[in-house]
Amino acid sequence: MLSRPLCFKACPLHTEQLKLLTQINMDSRPVSASRSAADSPVQDSRSSSCNGDAAVSLQEWQNWGAISPVPAMVTEVIEDLNLLEKDMNTLMDFGGNHGSLRGNFKVQEDKKHRAKFQSLGDSEKKLQFFSARQIACRLLGSRGYLCQKCWLPMEDCMCSRIKHCSLWHRIRFWLYMHPKDFLRQNNTGKVLWQVFGNQAATLCLYGISELEEIMWDSFKLAGRRNVWCLYPNKNAVPMSVQDAFVQDSSRCPESENNLVKRDDMMNFILLDGTWSNSQAMFNRLQDRAEVVWGEDLPCISLNAGVSSMHKLRPQPSWDRTCTAAAAVRLLDELELIPEFSSHGLRNQAIAIKDALEVLLEALTTRRLRMGRSISRKERHNASFC
Ligand SMILES: [Zn+2]
């Protein structure tokens, strides 16, 4: 059994609130904007969605948070879905799930994508196809339903309540996100680029090579000593923020090469996925680090202690929702290092925390409006957000 990473252990949100985030994620409901196979048979090939209706433009792709061109394989998957629509003379149907196909279209598409998956020779291509298909389906199913910025249903959009803030220019976050977490309403990684902008907190989707290349080009430019993954590498002695950043004059000169140079950009990778998915995502990063640098990816473990600025408690079951809170904790710990203490990191951490509370409130309001049960304790906690 793997130990959980310390960065996934504490959060400004309470257990009940986190449970709520997870529950809300499961919610689905019929939506009038969804395309219904039963209601909308394709009359002829020209009226099907194959000639541009379902295609994803660069603007749409980037509005969802990505900074790359539209991934070629996502486009390919969408073209295949369009072809299937033509062949079946039926529109694809996502129903209330907004990410999973349903009905007869789903049955046929399952057959088709399984055959395609089997036909792909190497595991890298298979992974890229898996990711592209997940993302294409989530994107098409969420179109017209979710706000592109906050990934909440449009009627629950929280964008106007998010306060923007500049992240210190020497820090860049990379949200390395599993495709299954893309466009999730309760995903917290998204609040980082909502608050700081997508050049300071950048989305990188696992298995989407266009985004992974952008990330790795930045890492190569920065050099290994300026890249850290917030994840406890079980094969190495965990490095704390102190270990990584405190300049120790007693160290031998060679080791100074491993310390951050003044003015260098510091890149922090946050894994945004379930615990089991995070392991696979970490392994992929590690494999790439071996190829690029011939060495492990440097990892940082956050302190398990309670942060002084938040009323934090250990949270044993919140690993799906902790990504933004891990960034809060990292900024808190960096703030304690004298060299970094005068760059407003505490205020930047508070900005993330405030955005998390806005997210929780939006999700809670939605749940209550939809008549989902919510215990008195949950309501009490939610009132503090
Ligand atoms: Zn919004």
# chains A, B, ... in the order shown; residues from 1 in each chain; ligands from 1
$ select_by_dssp --residues "segment 165-198 of chain A" --states "alpha helix (DSSP H)" --output "PyMOL selection string"
chain A and resi 190-196
$ residues_around --residues "Asn235 of chain A" --least-positions-apart "2" --cutoff "12 Å" --atoms "only C-alpha atoms" --output "list in words"
Leu2, Tyr231, Pro232, Asn233, Val237, Pro238, Met239, Asn283, Gln286, Asp296, Leu297, Pro298 and Cys299 of chain A
$ residues_near_ligand --ligand "ligand 1" --cutoff "6 Å" --atoms "only C-alpha atoms and all ligand atoms" --output "PyMOL selection string"
chain A and resi 147+149-150+157-159
$ write_last_selection --atoms "N, CA and C atoms" --output "short mmCIF file (atom, residue, chain, number, x, y, z; two decimals), in the first residue's frame"
data_model
loop_
_atom_site.label_atom_id
_atom_site.label_comp_id
_atom_site.auth_asym_id
_atom_site.auth_seq_id
_atom_site.Cartn_x
_atom_site.Cartn_y
_atom_site.Cartn_z
N CYS A 147 -19.88 26.66 -18.11
CA CYS A 147 -19.11 27.88 -18.36
C CYS A 147 -17.69 27.44 -18.68
N LYS A 149 -14.94 28.98 -18.38
CA LYS A 149 -13.90 29.46 -17.47
C LYS A 149 -13.90 28.70 -16.15
N CYS A 150 -15.08 28.52 -15.58
CA CYS A 150 -15.11 27.93 -14.22
C CYS A 150 -15.59 26.48 -14.21
N CYS A 157 -22.43 29.77 -12.71
CA CYS A 157 -21.11 30.38 -12.99
C CYS A 157 -20.64 31.24 -11.82
N MET A 158 -19.39 31.01 -11.41
CA MET A 158 -18.84 31.74 -10.26
C MET A 158 -17.81 32.79 -10.70
N CYS A 159 -17.63 32.94 -12.01
CA CYS A 159 -16.51 33.75 -12.51
C CYS A 159 -16.51 35.18 -11.96
#
$ select_by_dssp --residues "segment 107-235 of chain A" --states "strand (DSSP E)" --output "VMD selection string"
chain A and resid 171 to 177 201 to 205 227 to 230
$ closest_residue --among "A:Ala351, A:Cys229, A:Leu336, A:Ile269" --to "Phe173 of chain A" --atoms "only C-alpha atoms"
A:Ile269
$ atom_distance --atom1 "atom CA of Phe219 of chain A" --atom2 "atom CA of Ser276 of chain A"
24.8 Å
$ residues_around --residues "Leu84 of chain A" --least-positions-apart "4" --cutoff "10 Å" --atoms "only C-alpha atoms" --output "PyMOL selection string"
chain A and resi 50+78-80+88-92+105+108-109+112
$ residues_around --residues "Leu230 of chain A" --least-positions-apart "5" --cutoff "10 Å" --atoms "only C-alpha atoms" --output "NGL selection string"
:A and (5-8 or 239-241 or 268-271 or 282 or 298-302 or 323 or 326-327 or 330)
$ atom_distance --atom1 "atom CA of Glu155 of chain A" --atom2 "atom CA of Ala362 of chain A"
10.0 Å
$ residues_around --residues "Arg133 of chain A" --least-positions-apart "4" --cutoff "8 Å" --atoms "only C-alpha atoms" --output "list in words"
Val74, Val77, Phe129 and Cys137 of chain A
$ residues_around --residues "Leu139 of chain A" --least-positions-apart "4" --cutoff "9 Å" --atoms "only C-alpha atoms" --output "list in words"
Val56, Trp61, Trp64, His98, Gly99, Gln134, Ile135, Arg143, Phe182 and Leu183 of chain A
$ write_last_selection --atoms "C-alpha atoms" --output "short mmCIF file (atom, residue, chain, number, x, y, z; two decimals), in the first residue's frame"
data_model
loop_
_atom_site.label_atom_id
_atom_site.label_comp_id
_atom_site.auth_asym_id
_atom_site.auth_seq_id
_atom_site.Cartn_x
_atom_site.Cartn_y
_atom_site.Cartn_z
CA VAL A 56 -13.40 22.33 -31.95
CA TRP A 61 -10.18 24.84 -27.05
CA TRP A 64 -11.57 25.78 -21.74
CA HIS A 98 -22.03 15.69 -20.25
CA GLY A 99 -19.05 13.54 -20.93
CA GLN A 134 -11.95 11.20 -22.91
CA ILE A 135 -11.29 14.85 -23.59
CA ARG A 143 -20.46 22.43 -24.75
CA PHE A 182 -11.00 17.67 -17.25
CA LEU A 183 -14.16 19.82 -17.01
#
$ residues_around --residues "Gly273 of chain A" --least-positions-apart "3" --cutoff "7 Å" --atoms "only C-alpha atoms" --output "list of chain:residue names"
A:Met177, A:His178, A:Asp181, A:Asn277, A:Ser278, A:Arg320
$ write_last_selection --atoms "C-alpha atoms" --output "PDB file, in the first residue's frame"
ATOM      1  CA  MET A 177      -4.435  16.835 -15.010  1.00  0.00           C
ATOM      2  CA  HIS A 178      -5.895  13.435 -15.750  1.00  0.00           C
ATOM      3  CA  ASP A 181     -10.763  15.348 -14.249  1.00  0.00           C
ATOM      4  CA  ASN A 277      -4.321   7.972 -11.511  1.00  0.00           C
ATOM      5  CA  SER A 278      -1.697  10.205  -9.927  1.00  0.00           C
ATOM      6  CA  ARG A 320      -9.625  14.161  -5.299  1.00  0.00           C
TER       7      ARG A 320
END
$ atom_distance --atom1 "atom CA of Phe196 of chain A" --atom2 "atom CA of Asp354 of chain A"
12.7 Å
